[in-house]
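Undergrad: So that we are looking at the same thing, I have put the structure below in C-alpha cells.
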Amino acid sequence: MPSNPGSNPGSNSGSIRLQVTRYRPESDSEPRFQEYDVPLRKEWTVLDGLNHVKNEVDTTLSFRWSCRMGICGSCGMNVNGDPKLTCAAFLDDYAPGPIRVEPLANFPVVRDLVVDINDFMEKLPRVKPWIIRDDDALLDGDGEIDGEYLQTPEELDAYKQFSMCINCMLCYAACPVYGLDPEFMGPAAIALAERYDLDSRDHGARERLDVLIEHEGVWGCTFVGECTRVCPNHVDPAGAIQRYKVKAAKENVMAFLLPRGAR
Amino acid sequence: MSDGLIRAAHDVLIVGGGGAGLRAAIAIAETNPQLDVAVISKVYPMRSHTVSAEGGAAGVIADDDSIDEHIYDTISGSDWLGDQDAIEAFVNEAPRELLQLEHWGCPWSRQPNGHVAVRAFGGMKKKRTWFAADKTGFHMLHSLFQTTLKYREVTRHDEWFVTKLLVDDGRVHGVVAVDLFSGKIQAITAKSVVLCTGGCGKVFPFTTNANINTGDGMSLAYRAGAPLKDMEFVQYHPTGLPFTGILITEATRAEGGWLLNKDGYRYLQDYDLGKPTPTPELRSMELGPRDRLSQAFVHEVEKGRTADSPWGPIVHLDLRHLGADLIDTKLPFVRELCLKYERIDPVHELIPVRPVVHYMMGGVHTDIDGATPLAGLYAAGETACVSINGANRLGSNSLPECLVFGARAGRAAAEFATTAGPVPAAIEAQAADEVRRLERDLLGKDSEGESTSAIRDEMQATMEDAAGIYRTGPAIAKGLDTLRELQERIGKVGIADTSRSFNTELLAALELANMLDIGECMLQSALQREESRGAHQRTDFPDRDDQRFLTHQLVHRNDDGTPRVESLPVTITRWPPGERVYGR
Ligand SMILES: Cc1cc2nc3c(=O)[nH]c(=O)nc-3n(C[C@H](O)[C@H](O)[C@H](O)COP(=O)(O)OP(=O)(O)OC[C@H]3O[C@@H](n4cnc5c(N)ncnc54)[C@H](O)[C@@H]3O)c2cc1C
Ligand code: SF4
Ligand code: FES
C-alpha cells in the first residue's frame with residue numbers, strides 16, 4: 001500500500017466511520033473509542049483506513065502492520081467483534097458502517113490496537129515445533145549432508161495444511177477456552193505440534209504428546225470450532241486439537257492398562 | 001556500567017530476524033555453543049519480510065545442471081558487476097544450505113519420487129529453483145524461526161528498534177535501541193554485531209516491500225563509518241499489482257504465463273529477448289532477466305501499447321492457458337492474492353501488472369565472509385552487498401544468498417567475538433548521548449513541527465522521478481537538491497505522540513531519517529555512474545562503459561554528512577566481461 005493512500009485515485013464513494021479503540025497506559029485508566037471518518041474506496045482495506053488516519057488525521061494512533069498481503073500475521077484486530085487480518089478486510093464489505101476496530105480479544109492491550117502476544121511466544125517452544133530425530137546431520141557441525149530426506153507429494157500433503165499457520169493469533173482471539181483459561185496451549189501451538197507429528201521426516205511425536213498430555217495442553221478445548229472458522233489460512237486448528245485428544249485418550253487408556261515401565 | 005543504561009551484554013548481536021539473521025544465529029549456536037548470541041528485531045522474527053517471498057530459492061541439484069552454469073547465469077545477470085569469487089562461493093554453497101533447510105523441516109515441493117522439485121526462473125538457463133508452492137519465503141522463515149527455538153542459547157529481543165551502532169576507536173561494541181513495548185531506550189553491548197536488516201523498498205512510493213523495509217541497517221552502518229556499495233542499482237520487478245504493489249511472482253511466468261500488451265501481443269519479442277513459443281524457454285522472452293523486462297515495459301508505454309488504469313499504464317499477465325489445476329497446485333497464493341486484492345480470477349481473467357520497486361542490489365559493503373571495513377561489524381542478506389548481484393539480481397538468488405552469507409557472517413562474527421577485548425568505558429558515554437538525543441530531540445519535541453508523512457511522500461516522489469527505470473543526470477541532480485532540503489526539514493519534525501509505549505510515530509520519524517540517507521547515497525552513486533548497466537539505465541549515457549565503470553562504487557559519509565563516492569575494482573576470475581545474450 002502506498003504510504004499516502006489519501007492521494008490515490010480510484011473509485012470513491014463517500015466515507016465510512018471507524019470507531020477505534022484508544023488506550024495509552026500512561027494516561028488512560030481504561031480503553032475508550034475514538035471516531036474517524038475515512039474515504040470509502042472499493043480497493044481500501046480496514047488497514048488502509050487506519051493508515052489514512054495515521055498519516056492524515058491523527059498521528060498518535062498505534063497499530064502493527066507490515067506486509068499488507070496477508071502473510072506476515074501482524075495486523076490482526078477485532079473488526080465488528082470478529083478477529084480479522086485488517087489488510088484483508090475490505091471497507092466496503094462493512095458499508096455503510098460504522099466499523100468498530102478493537103484490539104484482538106483475549107490478550108492484554110499494550111497500547112491502542114496493539115496487544116501483548118508474549119504468552120503465545122512462550123508457549124510455542126514448549127510444543128517443540130522443529131524436526132526431531134536422532135540421526136540429524138548438520139552443516140555447521142562435523143556431519144555432511146548427503147541429500148534430502150525423501151518425502152513424496154502425498155506425505156507432504158499429510159501435514160501441509162497445518163504448516164500454513166502465520167501466527168496471526170486470530171484463533172486465540174476467537175477461542176472461548178483461551179479467554180477463560182490462559183494456561184490452555186491454544187489452537188495455533190497445537191496445530192504446529194500436529195504439523196511436525198504428521199511430517200514423515202519427524203520422529204518427535206512422543207515428546208510432543210508428553211507435553212500436550214498435561215491438562216492444560218489439549219484438554220481444555222470443548223470443540224467450539226471458532227478457531228477454525230476465523231483462521232485466514234484454513235489451517236483447521238480445531239481438527240488438530242481433535243486429533244491430539246484422540247492420541248491423548250489412547251495414551252491414557254494405555255497408562256491405565258500397563259504399568260509405567262511397559263509403556 | 002550502570003544498570004539502567006545497559007540492557008544486556010552479548011558476545012554476538014544479530015540485528016534482524018529474517019532469513020539472513022536467523023541463519024546467522026543458528027550458525028553461531030551450532031559452531032560456538034558457548035557464545036552468548038542474541039537476535040534483536042523491530043518485529044517478531046516471523047513477521048520479517050522474508051515471509052512474503054513467493055517464487056523460490058536457487059541451488060544446483062538437478063542432474064542436467066552444473067555449478068558453472070549457475071555461476072555464469074548469475075554473472076551475466078549481474079551485467080558483470082558481481083564479484084566472481086563471491087558468486088562461486090555462493091553457487092557452491094547454496095545447494096547444501098537448501099538441503100540443510102530441508103533437514104530443518106522446510107516443506108519443499110516434491111517430485112513423485114520424493115526428491116525436491118525445481119522450477120524455471122528468469123535469467124536461469126536450467127531448472128534450479130527450489131520452491132514451497134508459491135509461499136517459499138513464508139515456509140523458509142517459519143522453518144528457520146521454529147528451528148531457532150530449539151537453541152536455548154539464542155536470546156531474543158523482540159520488537160526492539162535499533163537506532164545507533166556504538167563505535168569506539170574503529171571498532172563496533174553494540175547498539176542503542178528502543179524497546180517498543182515500554183519505550184525504554186537502552187544500550188545492548190556486543191563484541192561483534194551482524195546487520196541483517198533487509199531491504200529498503202520504502203524509499204520509493206510503489207514497491208513490493210513491506211512497511212518495515214526502510215533500510216535501517218544501511219543507514220546505521222553508513223553513519224557509523226562503514227561504506228555502502230553499488231547503491232544505484234535498484235531492481236524493478238516487472239509484475240506488481242497496480243494499486244497495492246503486491247508482487248505476482250516470476251514463478252507465474254516460469255510455469256508458462258505470458259506478458260501481453262493492450263493488443264494481446266507478447267511484446268517482449270520486440271526487445272531482443274527471443275521469439276515467443278507456446279511453452280516457456282529458459283533465458284528467453286518472459287524468462288528474461290528483470291531489468292530487461294521492466295525496461296521493455298517503458299518502451300511499450302512510449303509506443304502507446306499499454307492499457308490504462310487509475311494508477312497509470314499497465315500490461316497484462318495471462319495465466320488462463322495454464323488451467324485451474326496447475327494454478328492451484330503451483331501458484332495458489334497468486335490466485336488468492338488476485339481474488340482478494342484485484343477481485344479477478346487468474347484462471348479466467350487477465351492480471352493487470354506494472355513494474356514495481358522490488359529489491360536493492362546495493363548495500364553495506366562486505367567481503368566474502370560478511371565483514372565490513374569496520375572492525376566487529378558484519379552484514380548479510382539484502383542489507384549487505386557482497387556482491388553476488390552486481391547490477392541486476394536474478395530472481396531466486398536472494399533467499400539462498402541470505403542462507404549462504406548469513407551463515408558465513410555468523411561464523412565470522414563468532415570468530416571475531418572470541419578474540420575481542422572488553423567493551424571500553426567510552427561506549428557508555430556514547431550510549432548516554434544517544435538516549436538523550438532521542439528523548440530530548442525527538443520525544444520531547446512539540447507536535448507543531450514538520451509532518452513525517454508529508455516529508456516521506458516527497459522523498460518517495462523524488463526518488464521515483466530521479467531513480468526510476470530510466471534516469472538522466474539533470475533529474476538525478478535535481479532529486480539530490482530536493483533530498484537535501486528534506487534532510488533539513490526532518491531535523492524539525494514534530495512528534496505529537498507523547499506516550500512511551502509503542503510509539504509508532506517516533507519509529508516512523510527514525511525510519512524516515514534512515515531512508516533519506518539511503519536515498520541520498522542512491523542518487524549520488526547514480527549521478528556518478530555515467531553509463532548504463534543492468535538496472536541502472538542512463539538515457540544520457542546509454543551504453544555500458546567497461547573502460548570507466550567496470551567497478552563498484554562505495555559511498556562514504558563525510559564528516560559534514562554529505563556522501564562521497566569512491567570506486568573499487570570488480571573481482572573477475574574466469575569469466576571476462578561479455579555481451580548479455582537472452583533468447584538467442
Ligand atoms: C514480495 C517479495 C517476494 C520475493 N520473492 C523472492 C523469491 O521468490 N526468491 C528470492 O530469492 N528472493 C525473493 N525476494 C527477496 C527476498 O525475499 C529478500 O531479499 C530476503 O528475504 C531478505 O531477507 P533478509 O533476512 O535480508 O531481511 P528481512 O527478512 O527483511 O529481515 C529484516 C529484519 O531486520 C529487522 N530490522 C530491520 N531494521 C531494524 C532495526 N532498526 N532494529 C531492529 N531490527 C531491525 C526486521 O525486524 C527483520 O527481522 C522477494 C522479495 C519480496 C519483497
Ligand atoms: S491457526 Fe490460523 S488463525 Fe491461528 S494463528 Fe495460525 S493462521 Fe492465525
Ligand atoms: S499486514 Fe501482514 S498480515 Fe496484514
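Chain identifiers are assigned as A, B, and so on, following the order in which chains appear in the C-alpha cells; residues are numbered from 1 within each chain, and ligands are numbered from 1 in order of appearance.
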Under the rule of at most 12 Å, produce a per-residue listing of chain B near ligand 2: chain, number, name, the closest pair of atoms, and the distance in Å, as JSON lines, using only C-alpha atoms and all ligand atoms.

TA:
```
{"residue": "B:Met46", "atom": "CA", "partner": "ligand 2", "partner_atom_place_in_ligand_line": "5 (S)", "distance": 11.8}
{"residue": "B:Phe138", "atom": "CA", "partner": "ligand 2", "partner_atom_place_in_ligand_line": "7 (S)", "distance": 12.0}
{"residue": "B:His142", "atom": "CA", "partner": "ligand 2", "partner_atom_place_in_ligand_line": "6 (Fe)", "distance": 11.7}
```

Undergrad: Include N, CA and C atoms and write out the residues we just selected as a PDB file, in the first residue's frame.

TA:
```pdb
ATOM      1  N   MET B  46       9.189 -13.891  12.909  1.00  0.00           N
ATOM      2  CA  MET B  46       8.388 -14.496  11.833  1.00  0.00           C
ATOM      3  C   MET B  46       7.552 -13.463  11.073  1.00  0.00           C
ATOM      4  N   PHE B 138       7.767 -17.667   3.167  1.00  0.00           N
ATOM      5  CA  PHE B 138       6.999 -17.954   4.375  1.00  0.00           C
ATOM      6  C   PHE B 138       7.472 -19.267   5.002  1.00  0.00           C
ATOM      7  N   HIS B 142       9.522 -19.547   8.595  1.00  0.00           N
ATOM      8  CA  HIS B 142       8.951 -20.240   9.756  1.00  0.00           C
ATOM      9  C   HIS B 142       9.773 -21.485  10.116  1.00  0.00           C
TER      10      HIS B 142
END
```

Undergrad: Residues at most 10 Å from ligand 3, using only C-alpha atoms and all ligand atoms? Could they come as a PyMOL selection string?

TA: (chain A and resi 1+45+47+64-77+84-89+166-168+232) or (chain B and resi 47-49+51-52+210-211)

Undergrad: Which value, in Å to one decimal, gives the distance between CA of Leu156 in chain A and atom 33 (C, counted along the ligand's line) of ligand 1?

TA: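 Here the two named atoms are 28.9 Å from each other.
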
Undergrad: Do a neighbour search on range 167-177 of chain B at 6 Å with only C-alpha atoms, toss out local chain neighbours closer than 6 positions, and write the hits as a ChimeraX atom specification.

TA: /B:161,185-191,375-376

Undergrad: Which one of A:Gly14, A:Pro39, A:Pro129, A:Gly97 sits closest to chain B if you count only C-alpha atoms?

TA: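 The shortest atom-to-atom distance to chain B comes from A:Pro129.
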
Undergrad: Could you work out which residues of chain B fall inside 8 Å of chain A? Count only C-alpha atoms, and format the result as a PDB file with C-alpha atoms, in the first residue's frame.

TA:
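After the write, result26.pdb holds the following:
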```pdb
ATOM      1  CA  ALA B  27      25.308 -20.989  12.595  1.00  0.00           C
ATOM      2  CA  GLU B  30      25.912 -24.761  16.146  1.00  0.00           C
ATOM      3  CA  THR B  31      29.566 -23.889  15.823  1.00  0.00           C
ATOM      4  CA  MET B  46       8.388 -14.496  11.833  1.00  0.00           C
ATOM      5  CA  ARG B  47       6.951 -11.149  10.695  1.00  0.00           C
ATOM      6  CA  SER B  48      10.182 -10.268   8.874  1.00  0.00           C
ATOM      7  CA  HIS B  49       9.870  -9.518   5.233  1.00  0.00           C
ATOM      8  CA  VAL B  51       7.926 -14.146   4.907  1.00  0.00           C
ATOM      9  CA  SER B  52       6.489 -12.662   1.723  1.00  0.00           C
ATOM     10  CA  ARG B  96      23.926 -27.525   0.857  1.00  0.00           C
ATOM     11  CA  GLU B  97      22.147 -24.663   2.576  1.00  0.00           C
ATOM     12  CA  LEU B  99      19.343 -29.198   1.908  1.00  0.00           C
ATOM     13  CA  GLN B 100      20.073 -28.079   5.439  1.00  0.00           C
ATOM     14  CA  GLU B 102      15.120 -29.359   4.150  1.00  0.00           C
ATOM     15  CA  HIS B 103      16.506 -31.192   7.185  1.00  0.00           C
ATOM     16  CA  TRP B 104      15.097 -28.418   9.355  1.00  0.00           C
ATOM     17  CA  GLY B 105      11.635 -29.169   8.042  1.00  0.00           C
ATOM     18  CA  PRO B 107       8.170 -28.223   3.183  1.00  0.00           C
ATOM     19  CA  SER B 109       7.540 -29.088  -3.111  1.00  0.00           C
ATOM     20  CA  ARG B 110       8.458 -32.598  -4.258  1.00  0.00           C
ATOM     21  CA  GLN B 111       8.631 -34.840  -7.287  1.00  0.00           C
ATOM     22  CA  PRO B 112       6.613 -38.068  -7.203  1.00  0.00           C
ATOM     23  CA  ASN B 113       9.795 -39.985  -6.255  1.00  0.00           C
ATOM     24  CA  GLY B 114      10.233 -37.910  -3.100  1.00  0.00           C
ATOM     25  CA  HIS B 115      13.128 -35.754  -4.241  1.00  0.00           C
ATOM     26  CA  VAL B 116      12.730 -31.976  -4.145  1.00  0.00           C
ATOM     27  CA  PHE B 138       6.999 -17.954   4.375  1.00  0.00           C
ATOM     28  CA  HIS B 139       7.957 -21.605   4.735  1.00  0.00           C
ATOM     29  CA  SER B 143      11.172 -23.338   9.430  1.00  0.00           C
ATOM     30  CA  GLN B 146      10.936 -22.669  14.689  1.00  0.00           C
ATOM     31  CA  THR B 147      14.349 -24.311  14.461  1.00  0.00           C
ATOM     32  CA  LEU B 149      13.534 -22.154  19.242  1.00  0.00           C
ATOM     33  CA  LYS B 150      15.423 -25.378  19.829  1.00  0.00           C
ATOM     34  CA  PHE B 181       6.699  -2.216  24.353  1.00  0.00           C
ATOM     35  CA  PRO B 205       6.317   5.171  -3.464  1.00  0.00           C
ATOM     36  CA  PHE B 206       5.411   1.970  -5.291  1.00  0.00           C
ATOM     37  CA  ASN B 209       8.261  -4.347   0.007  1.00  0.00           C
ATOM     38  CA  ALA B 210       6.637  -4.386   3.411  1.00  0.00           C
ATOM     39  CA  ASN B 211       6.219  -1.363   5.639  1.00  0.00           C
ATOM     40  CA  ILE B 212       9.247  -2.364   7.705  1.00  0.00           C
ATOM     41  CA  PHE B 243      -2.704  -0.297  -6.680  1.00  0.00           C
ATOM     42  CA  THR B 244      -1.062  -2.197  -3.858  1.00  0.00           C
ATOM     43  CA  GLY B 245       2.275  -3.097  -5.458  1.00  0.00           C
ATOM     44  CA  ILE B 246       1.747  -6.653  -4.241  1.00  0.00           C
ATOM     45  CA  PRO B 310      -6.384   4.577 -12.425  1.00  0.00           C
ATOM     46  CA  TRP B 311      -2.793   4.034 -11.285  1.00  0.00           C
ATOM     47  CA  LEU B 337      -3.944 -12.541  -3.948  1.00  0.00           C
ATOM     48  CA  LYS B 340      -8.604 -10.741  -2.782  1.00  0.00           C
ATOM     49  CA  TYR B 341      -6.836  -7.594  -3.942  1.00  0.00           C
ATOM     50  CA  GLU B 342      -7.924  -7.280  -7.590  1.00  0.00           C
ATOM     51  CA  SER B 453       4.217  11.543   6.285  1.00  0.00           C
ATOM     52  CA  ASP B 457       5.678  11.381   0.407  1.00  0.00           C
ATOM     53  CA  ALA B 496       2.577  14.587  18.611  1.00  0.00           C
ATOM     54  CA  ASP B 497       2.570  11.247  20.397  1.00  0.00           C
ATOM     55  CA  SER B 499       3.313   8.148  25.034  1.00  0.00           C
ATOM     56  CA  SER B 501       4.548   2.706  24.861  1.00  0.00           C
ATOM     57  CA  PHE B 502       4.506   1.544  21.242  1.00  0.00           C
ATOM     58  CA  ASN B 503       5.181   4.966  19.848  1.00  0.00           C
ATOM     59  CA  THR B 504       4.970   4.210  16.140  1.00  0.00           C
ATOM     60  CA  GLU B 505       5.155   7.904  15.312  1.00  0.00           C
TER      61      GLU B 505
END
```

Undergrad: Report the distance between CA of Thr551 in chain B and CA of Leu568 in chain B in Å, rounded to one decimal place.

TA: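 Result for CA of Thr551 in chain B versus CA of Leu568 in chain B: 5.6 Å, one decimal.
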
Undergrad: What residues in range 157-245 of chain A get the DSSP label helix (DSSP H, G or I)? Please answer as JSON, numbers by chain.

TA: {"A": [157, 158, 159, 160, 161, 162, 163, 164, 170, 171, 172, 173, 174, 176, 177, 178, 179, 180, 187, 188, 189, 190, 191, 192, 193, 194, 195, 196, 197, 205, 206, 207, 208, 209, 210, 211, 212, 215, 216, 217, 218, 226, 227, 228, 229, 230, 237, 238, 239, 240, 241, 242, 243, 244, 245]}

Undergrad: For a test of reading the model, state the distance in Å between CA of Leu523 in chain B and CA of Gly199 in chain B, rounded to one decimal.

TA: 16.6 Å

Undergrad: Write out as a list in words all residues of range 100-235 of chain A that backbone DSSP assigns to strand (DSSP E or B).

TA: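 Result set for range 100-235 of chain A (strand (DSSP E or B)): Arg100, Val101, Glu102, Val109, Val110, Arg111, Val114 and Val115 of chain A.
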
Undergrad: Could you please take those selected residues and save C-alpha atoms as a compact mmCIF listing (two decimals), in the first residue's frame?

TA:
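Written out: selection.txt:
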```txt
# COMPACT_ATOMS: atom_id res chain seq x y z
CA ARG A 100 -15.69 -1.00 15.16
CA VAL A 101 -11.93 -1.69 15.24
CA GLU A 102 -10.63 -3.13 18.51
CA VAL A 109 -3.70 -4.47 25.47
CA VAL A 110 -0.36 -2.69 25.30
CA ARG A 111 -1.49 0.45 23.58
CA VAL A 114 -1.51 -3.33 19.93
CA VAL A 115 -1.81 -6.46 22.07
```

Undergrad: For a quick check of understanding, using only C-alpha atoms and all ligand atoms, which of B:Pro289, B:Gly256, B:Gly583, B:Gly395 has the smallest distance to ligand 1?

TA: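 Nearest to ligand 1: B:Gly395.
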
Undergrad: Pick from A:Gly204, A:Val38, A:Pro176, A:Ile241: nearest to Ile190 in chain A, with only C-alpha atoms counted?

TA: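 Answer, going by the shortest atom-to-atom distance: A:Ile241.
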
Undergrad: Find the residue from B:Tyr151, B:Trp160, B:Phe297, B:Phe90 that sits nearest to ligand 1; use only C-alpha atoms and all ligand atoms when measuring.

TA: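 For ligand 1, the nearest of the given residues is B:Trp160.
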
Undergrad: Can you tell me which residues surround Asp83 in chain B at a distance of at most 6 Å, considering only C-alpha atoms, apart from same-chain residues fewer than 2 positions away, and format the answer as a list of chain:residue names?

TA: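 So the residues in contact are B:Asp85, B:Ala86, B:Ser387, B:Ile388, B:Val570, B:Thr571.
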
Undergrad: What lies within 9 Å of range 407-421 of chain B using only C-alpha atoms, ignoring chain neighbours under 2 positions off, as number ranges by chain?

TA: A: 140; B: 11-12, 14, 20-28, 31-32, 35, 37, 97, 190-194, 368-371, 375-380, 402-405, 423-424

Undergrad: Those residues you just picked out, can you put them in a file as a short mmCIF file (atom, residue, chain, number, x, y, z; two decimals), in the first residue's frame with C-alpha atoms?

TA:
```cif
data_model
loop_
_atom_site.label_atom_id
_atom_site.label_comp_id
_atom_site.auth_asym_id
_atom_site.auth_seq_id
_atom_site.Cartn_x
_atom_site.Cartn_y
_atom_site.Cartn_z
CA ASP A 140 27.71 -26.46 10.75
CA ASP B 11 29.15 -11.90 22.53
CA VAL B 12 27.41 -11.54 19.18
CA ILE B 14 22.44 -10.02 15.28
CA ALA B 20 19.75 -13.94 7.00
CA GLY B 21 19.61 -13.10 10.71
CA LEU B 22 18.11 -16.39 11.83
CA ARG B 23 20.54 -18.38 9.69
CA ALA B 24 23.41 -16.46 11.26
CA ALA B 25 22.07 -17.17 14.75
CA ILE B 26 21.84 -20.92 14.14
CA ALA B 27 25.31 -20.99 12.59
CA ILE B 28 26.73 -19.48 15.76
CA THR B 31 29.57 -23.89 15.82
CA ASN B 32 30.15 -21.98 19.04
CA LEU B 35 28.97 -17.97 22.91
CA VAL B 37 24.29 -14.82 20.88
CA GLU B 97 22.15 -24.66 2.58
CA ALA B 190 28.33 -6.98 21.99
CA LYS B 191 31.78 -7.96 20.84
CA SER B 192 30.54 -8.19 17.29
CA VAL B 193 27.37 -7.09 15.51
CA VAL B 194 25.81 -8.61 12.39
CA ILE B 368 33.08 -12.77 1.24
CA ASP B 369 32.67 -13.52 4.97
CA GLY B 370 30.27 -10.69 5.61
CA ALA B 371 32.92 -8.47 7.25
CA ALA B 375 36.09 -3.99 12.90
CA GLY B 376 33.42 -6.08 14.60
CA LEU B 377 30.70 -5.13 12.14
CA TYR B 378 29.28 -7.75 9.77
CA ALA B 379 26.34 -7.71 7.38
CA ALA B 380 24.35 -10.28 5.40
CA CYS B 402 20.53 -14.94 2.92
CA LEU B 403 21.38 -18.52 3.92
CA VAL B 404 24.89 -18.75 2.49
CA PHE B 405 26.11 -15.37 3.66
CA VAL B 423 33.82 -3.01 25.97
CA PRO B 424 35.63 0.28 26.64
#
```

Undergrad: Pick out the residues sitting within 6 Å of Gly534 in chain B, and hand them over as a list in words; count only C-alpha atoms, and ignore anything fewer than 2 positions along from it in its own chain.

TA: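 The filter keeps Asp79, Ala391, Asn392 and His536 of chain B.
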
Undergrad: Can those selected residues be exported to a file as a PDB file, in the first residue's frame so that it contains C-alpha atoms?

TA:
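As written to disk, part.pdb reads:
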```pdb
ATOM      1  CA  ASP B  79      25.966  -7.444 -16.121  1.00  0.00           C
ATOM      2  CA  ALA B 391      23.860  -4.563 -11.497  1.00  0.00           C
ATOM      3  CA  ASN B 392      20.872  -6.923 -11.555  1.00  0.00           C
ATOM      4  CA  HIS B 536      20.958   1.460 -13.857  1.00  0.00           C
TER       5      HIS B 536
END
```

Undergrad: Near Ala240 in chain A, within 12 Å and counting only C-alpha atoms, which residues show up once chain neighbours fewer than 6 positions away are dropped, as a ChimeraX atom specification?

TA: /A:159,161-163,186-198,212,218,221,223,225,227-228,234,246-247

Undergrad: Those residues with C-alpha atoms, as a CSV table (one decimal), in the first residue's frame please?

TA:
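Produced file out23.csv, reproduced below:
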```
chain,number,residue,atom,x,y,z
A,159,TYR,CA,0.8,-32.1,7.1
A,161,GLN,CA,-2.4,-27.7,5.9
A,162,PHE,CA,-1.0,-27.4,9.4
A,163,SER,CA,2.2,-25.8,8.1
A,186,GLY,CA,-4.2,-22.8,22.3
A,187,PRO,CA,-5.1,-23.6,18.7
A,188,ALA,CA,-2.1,-22.4,16.8
A,189,ALA,CA,0.5,-24.0,19.1
A,190,ILE,CA,-1.3,-27.4,19.0
A,191,ALA,CA,-1.7,-27.1,15.2
A,192,LEU,CA,2.0,-26.6,14.9
A,193,ALA,CA,2.7,-29.6,17.1
A,194,GLU,CA,0.5,-31.7,14.8
A,195,ARG,CA,2.3,-30.2,11.8
A,196,TYR,CA,5.5,-31.8,12.9
A,197,ASP,CA,4.0,-35.0,14.2
A,198,LEU,CA,2.5,-35.6,10.7
A,212,LEU,CA,0.4,-31.8,25.4
A,218,VAL,CA,-5.3,-30.2,24.9
A,221,CYS,CA,-10.8,-27.5,24.4
A,223,PHE,CA,-14.7,-28.2,20.4
A,225,GLY,CA,-14.6,-24.7,16.4
A,227,CYS,CA,-10.6,-21.1,15.8
A,228,THR,CA,-11.1,-23.0,12.5
A,234,HIS,CA,-7.6,-22.7,6.5
A,246,VAL,CA,-7.7,-38.9,20.4
A,247,LYS,CA,-4.0,-39.6,20.8
```
